[in-house]
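Novice: mmCIF, C-alpha atoms, file data-v6.cif:
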```cif
data_my_file
#
loop_
_atom_site.label_atom_id
_atom_site.label_comp_id
_atom_site.auth_asym_id
_atom_site.auth_seq_id
_atom_site.Cartn_x
_atom_site.Cartn_y
_atom_site.Cartn_z
CA MET A 660 -13.79 46.15 32.24
CA THR A 661 -12.99 46.65 35.94
CA THR A 662 -16.58 47.07 37.05
CA GLU A 663 -17.60 43.78 35.42
CA THR A 664 -14.65 41.74 36.66
CA ARG A 665 -15.77 38.53 38.31
CA TRP A 666 -13.02 38.30 40.95
CA LEU A 667 -12.41 34.91 42.53
CA ASN A 668 -14.19 34.44 45.83
CA ALA A 669 -12.14 33.70 48.95
CA GLU A 670 -12.42 29.93 48.59
CA GLN A 671 -11.48 29.95 44.91
CA GLN A 672 -8.58 32.29 45.62
CA VAL A 673 -7.24 29.93 48.31
CA ALA A 674 -7.50 26.91 45.99
CA TRP A 675 -5.90 28.80 43.07
CA ARG A 676 -2.94 29.90 45.19
CA ALA A 677 -2.51 26.42 46.67
CA TYR A 678 -2.35 25.06 43.13
CA LEU A 679 0.23 27.67 42.05
CA LEU A 680 2.50 27.22 45.06
CA GLY A 681 2.05 23.43 45.23
CA THR A 682 2.89 23.13 41.53
CA ALA A 683 6.00 25.31 41.90
CA ARG A 684 7.19 23.24 44.86
CA LEU A 685 6.37 19.91 43.22
CA MET A 686 8.15 20.75 39.96
CA ALA A 687 11.22 22.00 41.84
CA LYS A 688 11.28 18.80 43.92
CA LEU A 689 10.93 16.50 40.91
CA ASP A 690 13.62 18.53 39.17
CA ASP A 691 15.96 18.14 42.15
CA ASP A 692 15.29 14.37 42.30
CA LEU A 693 16.45 14.00 38.70
CA ARG A 694 19.64 16.06 39.03
CA GLN A 695 21.60 12.94 40.08
CA PHE A 696 20.89 11.62 36.58
CA GLY A 697 22.05 14.85 34.95
CA ILE A 698 18.58 15.81 33.67
CA GLY A 699 15.61 17.89 34.83
CA ILE A 700 11.86 17.25 34.80
CA ASN A 701 11.46 18.86 31.39
CA ASP A 702 14.21 16.68 29.88
CA TYR A 703 12.60 13.63 31.50
CA GLU A 704 9.23 14.34 29.87
CA ILE A 705 10.93 14.63 26.46
CA LEU A 706 12.69 11.28 26.92
CA VAL A 707 9.41 9.64 28.01
CA ARG A 708 7.47 10.94 25.00
CA LEU A 709 10.17 9.69 22.62
CA SER A 710 10.38 6.29 24.35
CA GLU A 711 6.66 5.75 23.77
CA ALA A 712 6.66 6.70 20.08
CA PRO A 713 7.03 4.19 17.22
CA ASP A 714 10.75 3.70 16.53
CA ARG A 715 11.32 5.94 19.54
CA ARG A 716 11.18 9.08 17.47
CA LEU A 717 8.87 12.02 16.86
CA ARG A 718 8.88 15.08 14.64
CA MET A 719 10.04 18.11 16.59
CA ALA A 720 6.70 19.79 15.84
CA ASP A 721 4.75 16.84 17.29
CA LEU A 722 6.97 16.71 20.34
CA ALA A 723 6.40 20.44 20.91
CA ASP A 724 2.62 19.91 20.70
CA ARG A 725 2.63 16.99 23.12
CA LEU A 726 4.59 18.92 25.68
CA HIS A 727 2.90 22.24 24.85
CA GLN A 728 6.26 23.93 24.53
CA SER A 729 7.41 26.60 22.15
CA ARG A 730 9.52 25.36 19.26
CA SER A 731 12.39 27.64 20.28
CA ARG A 732 12.46 26.31 23.83
CA LEU A 733 12.25 22.72 22.64
CA THR A 734 15.02 23.24 20.06
CA HIS A 735 17.26 24.55 22.81
CA THR A 736 16.50 21.64 25.16
CA VAL A 737 16.85 18.96 22.50
CA GLY A 738 20.16 20.51 21.46
CA ARG A 739 21.37 20.03 25.01
CA LEU A 740 20.08 16.44 25.13
CA GLU A 741 21.79 15.78 21.80
CA ALA A 742 25.11 17.08 23.14
CA ALA A 743 24.67 14.63 26.05
CA GLU A 744 24.03 11.88 23.44
CA LEU A 745 20.60 11.04 24.88
CA VAL A 746 18.75 12.16 21.75
CA ARG A 747 19.74 12.46 18.11
CA ARG A 748 18.18 14.69 15.48
CA THR A 749 17.70 13.46 11.94
CA SER A 750 16.14 14.93 8.86
CA CYS A 751 15.03 12.97 5.87
CA THR A 752 15.32 14.55 2.44
CA SER A 753 12.20 12.81 1.15
CA ASP A 754 10.17 14.08 4.09
CA LYS A 755 9.54 17.79 3.90
CA ARG A 756 7.86 17.82 7.28
CA GLY A 757 10.98 18.63 9.15
CA VAL A 758 13.37 17.37 11.74
CA TRP A 759 12.87 14.29 13.88
CA ALA A 760 14.14 13.73 17.41
CA GLU A 761 15.06 10.13 18.24
CA LEU A 762 15.89 8.54 21.58
CA THR A 763 19.37 6.96 21.60
CA GLU A 764 20.26 3.71 23.40
CA ALA A 765 22.01 5.83 26.03
CA GLY A 766 18.86 7.93 26.37
CA LEU A 767 16.71 4.83 26.90
CA THR A 768 19.15 3.46 29.47
CA LEU A 769 19.17 6.75 31.38
CA LEU A 770 15.37 6.89 31.30
CA GLU A 771 15.14 3.35 32.71
CA GLN A 772 17.59 4.28 35.46
CA ALA A 773 15.80 7.51 36.37
CA ALA A 774 12.20 6.26 36.16
CA PRO A 775 11.99 4.53 39.58
CA THR A 776 13.31 7.64 41.36
CA HIS A 777 10.97 9.87 39.42
CA VAL A 778 7.84 7.79 40.02
CA GLU A 779 8.65 7.50 43.72
CA GLY A 780 8.90 11.30 43.81
CA VAL A 781 5.54 11.69 42.07
CA ARG A 782 4.00 9.27 44.58
CA ALA A 783 5.62 10.63 47.73
CA ASN A 784 5.00 14.28 46.90
CA LEU A 785 1.63 14.08 45.20
CA VAL A 786 -0.25 10.83 44.53
CA ASP A 787 0.15 9.20 47.94
CA LEU A 788 -0.67 12.47 49.73
CA ALA A 789 -4.00 12.89 48.00
CA ASP A 790 -7.28 11.19 48.72
CA PRO A 791 -7.89 9.00 45.63
CA ASP A 792 -11.17 10.80 44.87
CA ASP A 793 -9.42 14.15 45.13
CA PHE A 794 -6.66 13.00 42.81
CA ALA A 795 -9.24 11.80 40.29
CA ALA A 796 -10.81 15.28 40.53
CA VAL A 797 -7.41 16.83 39.70
CA GLY A 798 -7.34 14.65 36.59
CA ARG A 799 -10.85 15.71 35.58
CA VAL A 800 -10.16 19.41 36.10
CA PHE A 801 -6.93 19.49 34.08
CA ASP A 802 -8.40 17.32 31.38
CA SER A 803 -11.08 19.98 30.92
CA VAL A 804 -8.39 22.68 30.96
CA SER A 805 -6.34 20.85 28.33
CA GLU A 806 -9.32 20.28 26.10
CA HIS A 807 -10.56 23.86 26.47
CA ILE A 808 -7.24 25.48 25.63
CA GLY A 809 -6.43 22.86 23.01
CA GLN A 810 -3.41 22.64 20.83
CA ARG A 811 -1.80 25.85 19.74
CA MET B 677 15.21 -0.36 43.41
CA THR B 678 13.50 -1.34 40.14
CA THR B 679 11.82 -4.46 41.49
CA GLU B 680 10.22 -2.49 44.31
CA THR B 681 9.03 0.44 42.22
CA ARG B 682 5.38 1.20 42.80
CA TRP B 683 4.48 2.37 39.29
CA LEU B 684 1.38 4.50 38.88
CA ASN B 685 -1.69 2.52 37.89
CA ALA B 686 -3.48 3.40 34.63
CA GLU B 687 -5.93 5.77 36.30
CA GLN B 688 -3.24 7.59 38.26
CA GLN B 689 -1.09 7.84 35.14
CA VAL B 690 -3.96 9.42 33.19
CA ALA B 691 -4.64 11.96 35.97
CA TRP B 692 -0.93 12.78 36.35
CA ARG B 693 -0.50 13.42 32.64
CA ALA B 694 -3.69 15.48 32.46
CA TYR B 695 -2.31 17.64 35.26
CA LEU B 696 1.08 18.06 33.52
CA LEU B 697 -0.36 18.94 30.12
CA GLY B 698 -3.22 21.03 31.53
CA THR B 699 -0.79 23.01 33.65
CA ALA B 700 1.56 23.61 30.70
CA ARG B 701 -1.33 24.83 28.55
CA LEU B 702 -2.87 26.94 31.31
CA MET B 703 0.39 28.68 32.16
CA ALA B 704 1.14 29.37 28.48
CA LYS B 705 -2.37 30.80 28.05
CA LEU B 706 -2.16 33.05 31.12
CA ASP B 707 1.29 34.15 29.95
CA ASP B 708 -0.07 35.03 26.50
CA ASP B 709 -2.99 36.97 28.04
CA LEU B 710 -0.55 39.18 29.94
CA ARG B 711 1.78 39.92 27.00
CA GLN B 712 -0.35 42.94 26.03
CA PHE B 713 0.73 44.46 29.35
CA GLY B 714 4.40 43.67 28.70
CA ILE B 715 4.65 41.09 31.50
CA GLY B 716 4.31 37.33 31.93
CA ILE B 717 2.59 35.18 34.56
CA ASN B 718 5.72 34.96 36.65
CA ASP B 719 6.15 38.76 36.66
CA TYR B 720 2.48 39.11 37.55
CA GLU B 721 2.84 36.88 40.60
CA ILE B 722 5.80 38.97 41.79
CA LEU B 723 3.83 42.21 41.44
CA VAL B 724 0.86 40.66 43.31
CA ARG B 725 2.99 39.48 46.23
CA LEU B 726 4.60 42.92 46.57
CA SER B 727 1.22 44.71 46.32
CA GLU B 728 -0.05 42.69 49.29
CA ALA B 729 2.96 43.28 51.55
CA PRO B 730 3.20 46.08 54.12
CA ASP B 731 4.58 49.20 52.38
CA ARG B 732 4.38 47.14 49.18
CA ARG B 733 7.83 45.68 49.71
CA LEU B 734 9.43 42.37 50.64
CA ARG B 735 12.94 41.13 51.20
CA MET B 736 14.18 39.30 48.11
CA ALA B 737 14.65 36.15 50.20
CA ASP B 738 11.02 36.28 51.42
CA LEU B 739 9.75 36.89 47.92
CA ALA B 740 11.74 33.88 46.65
CA ASP B 741 10.21 31.70 49.40
CA ARG B 742 6.66 32.81 48.68
CA LEU B 743 7.03 32.06 44.99
CA HIS B 744 9.27 29.05 45.57
CA GLN B 745 11.81 30.34 43.11
CA SER B 746 15.56 30.16 43.15
CA ARG B 747 17.26 33.38 44.21
CA SER B 748 19.18 33.52 40.95
CA ARG B 749 16.03 33.28 38.83
CA LEU B 750 14.24 35.86 40.98
CA THR B 751 17.21 38.24 40.84
CA HIS B 752 17.14 38.04 37.06
CA THR B 753 13.37 38.64 36.85
CA VAL B 754 13.34 41.49 39.37
CA GLY B 755 16.24 43.09 37.45
CA ARG B 756 14.05 43.09 34.36
CA LEU B 757 11.06 44.49 36.28
CA GLU B 758 13.32 47.19 37.72
CA ALA B 759 14.51 48.17 34.23
CA ALA B 760 10.81 48.52 33.30
CA GLU B 761 10.39 50.74 36.41
CA LEU B 762 7.70 48.45 37.87
CA VAL B 763 9.81 47.46 40.88
CA ARG B 764 12.69 49.14 42.68
CA ARG B 765 15.36 47.48 44.79
CA THR B 766 16.61 49.10 47.95
CA SER B 767 19.07 48.09 50.61
CA CYS B 768 19.28 49.58 54.06
CA THR B 769 22.66 49.85 55.76
CA SER B 770 21.17 49.28 59.23
CA ASP B 771 19.47 46.09 58.07
CA LYS B 772 21.92 43.30 57.40
CA ARG B 773 19.19 41.03 56.08
CA GLY B 774 19.63 42.07 52.53
CA VAL B 775 17.94 43.68 49.62
CA TRP B 776 14.27 44.61 49.42
CA ALA B 777 12.07 44.70 46.35
CA GLU B 778 9.40 47.39 46.33
CA LEU B 779 6.46 47.91 44.00
CA THR B 780 6.56 51.34 42.28
CA GLU B 781 3.48 53.46 41.52
CA ALA B 782 3.87 52.42 37.87
CA GLY B 783 3.99 48.79 38.97
CA LEU B 784 0.81 49.16 40.98
CA THR B 785 -0.95 50.88 38.09
CA LEU B 786 0.09 48.14 35.67
CA LEU B 787 -1.07 45.46 38.11
CA GLU B 788 -4.47 47.15 38.43
CA GLN B 789 -4.75 47.33 34.65
CA ALA B 790 -3.72 43.70 34.10
CA ALA B 791 -5.70 42.12 36.96
CA PRO B 792 -9.15 42.00 35.27
CA THR B 793 -7.70 40.30 32.16
CA HIS B 794 -5.73 37.87 34.30
CA VAL B 795 -8.63 36.88 36.54
CA GLU B 796 -10.92 36.42 33.54
CA GLY B 797 -8.27 34.09 32.10
CA VAL B 798 -8.06 32.09 35.31
CA ARG B 799 -11.85 31.78 35.33
CA ALA B 800 -12.38 31.01 31.66
CA ASN B 801 -9.55 28.46 31.43
CA LEU B 802 -9.79 26.83 34.86
CA VAL B 803 -12.24 27.88 37.58
CA ASP B 804 -15.40 28.11 35.47
CA LEU B 805 -14.58 24.83 33.69
CA ALA B 806 -14.34 22.83 36.90
CA ASP B 807 -17.12 21.45 39.03
CA PRO B 808 -16.84 23.48 42.28
CA ASP B 809 -16.27 20.31 44.33
CA ASP B 810 -13.53 19.23 41.93
CA PHE B 811 -11.87 22.64 42.15
CA ALA B 812 -11.98 22.46 45.95
CA ALA B 813 -10.29 19.04 45.65
CA VAL B 814 -7.52 20.64 43.56
CA GLY B 815 -6.99 23.10 46.40
CA ARG B 816 -6.83 20.34 49.02
CA VAL B 817 -4.40 18.23 46.97
CA PHE B 818 -1.94 21.05 46.31
CA ASP B 819 -2.23 22.36 49.82
CA SER B 820 -1.01 18.92 51.00
CA VAL B 821 1.75 19.01 48.38
CA SER B 822 2.88 22.45 49.51
CA GLU B 823 2.87 21.51 53.14
CA HIS B 824 4.67 18.22 52.53
CA ILE B 825 7.46 19.70 50.46
CA GLY B 826 7.64 22.82 52.60
CA GLN B 827 9.92 25.76 52.28
CA ARG B 828 13.37 25.16 50.96
#
```
Would you encode the structure as structure tokens?
Specialist:
Amino acid sequence: MTTETRWLNAEQQVAWRAYLLGTARLMAKLDDDLRQFGIGINDYEILVRLSEAPDRRLRMADLADRLHQSRSRLTHTVGRLEAAELVRRTSCTSDKRGVWAELTEAGLTLLEQAAPTHVEGVRANLVDLADPDDFAAVGRVFDSVSEHIGQR
Amino acid sequence: MTTETRWLNAEQQVAWRAYLLGTARLMAKLDDDLRQFGIGINDYEILVRLSEAPDRRLRMADLADRLHQSRSRLTHTVGRLEAAELVRRTSCTSDKRGVWAELTEAGLTLLEQAAPTHVEGVRANLVDLADPDDFAAVGRVFDSVSEHIGQR
């Protein structure tokens, strides 16, 4: 395999590493911003997805797909959010398709409180830094990535 | 704060979410690709950084900066890599600046074995999917992000 490997060229290597380091720094920053609300970026994304769903609830399996997270990781996180009373889990005996996660009133309130800080962080550390055409290119690239890899 | 919040417009929101989901899927895919070598994407990045350093070693603090990871997370990961004999930790009594992590021969061999699979994954799931101009834009955007957020 080694002899056929198509290594990245210098330019691609620079862009790939910028993406890796920039993403690590951005996620850590957005995580830090949310700490004052007692949640992290991953928790925030869960609350957002639930807030947008009908009746503010989703099956755990659907939530895992939308966030592309393993079920075990999601179960752990939702357990923590449930202990904080931001989310509640319910299961319906007539529905064999499993456990639902539902946003509580407290969860919705926290999300509304945290959202302005979060969106300002996304702007200040990403969107407002980028040329609009470049940011649109980021969207195109990761849309292709998402579609190519698809749902697990 | 709420009344002044500059929410993302529809286009920005779509690009931001594509980036979040695409990144989650890409990282999970690259992680899966490396499982056959007994390591994950985060371990791989550590081995790469050490392989490029003089004498194939870095201070733990420098390694944490380069990967933008917390010291506690890095300590945990390097402990695991040390147990697998891929990395060794050394401390020098004349050097007060702490503990070094050093790539072992076994670590270098594993890295050389895993690299072709990894780079093919980066190509197939990102680089080759993107228009070259778009991929260059990704590099520019995350270079700005990195620089803006800076080292912790």
Novice: Between atom CA of Leu767 of chain A and atom CA of Val707 of chain A, what distance in Å does the model show, to one decimal?
Specialist: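 We find that atom CA of Leu767 of chain A and atom CA of Val707 of chain A lie 8.8 Å from each other.
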Novice: Got a sec: who's within 12 Å of Leu802 of chain B, counting all atoms listed in the file, leaving out chain neighbours fewer than 3 positions off, as a PyMOL selection string?
Specialist: (chain A and resi 667+671+674-675+678+797+799-808) or (chain B and resi 695+698-699+701-703+705-706+794-799+805-808+810-811+814)
Novice: Expand the PyMOL selection byres ((chain B and resi 760-769) around 12) into the individual residues it matches in the shown file, reporting them as an MDAnalysis selection string.
Specialist: chainID B and resid 713:715 719:720 722:727 732:736 751 753:759 770:787
Novice: Out of A:Leu722, A:Ala677, A:Leu693, A:Ala669, which residue has the shortest atom-to-atom distance to chain B when counting all atoms listed in the file?
Specialist: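 Checking each candidate against chain B, we get A:Ala677 as the closest.
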Novice: Between atom CA of Asp724 of chain A and atom CA of Gly809 of chain A, what is the distance in Å, rounded to a tenth?
Specialist: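 According to the coordinates, atom CA of Asp724 of chain A and atom CA of Gly809 of chain A are separated by 9.8 Å.
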Novice: If I take atom CA of Pro775 of chain A and atom CA of Trp683 of chain B, how far is one from the other in Å, to one decimal?
Specialist: 7.8 Å
Novice: Given only C-alpha atoms as the basis, pick out the residue of A:Asn784, A:Asp792, A:Leu680, A:Thr776 nearest to Thr681 of chain B.
Specialist: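 Among A:Asn784, A:Asp792, A:Leu680, A:Thr776, it is A:Thr776 that comes nearest to Thr681 of chain B.
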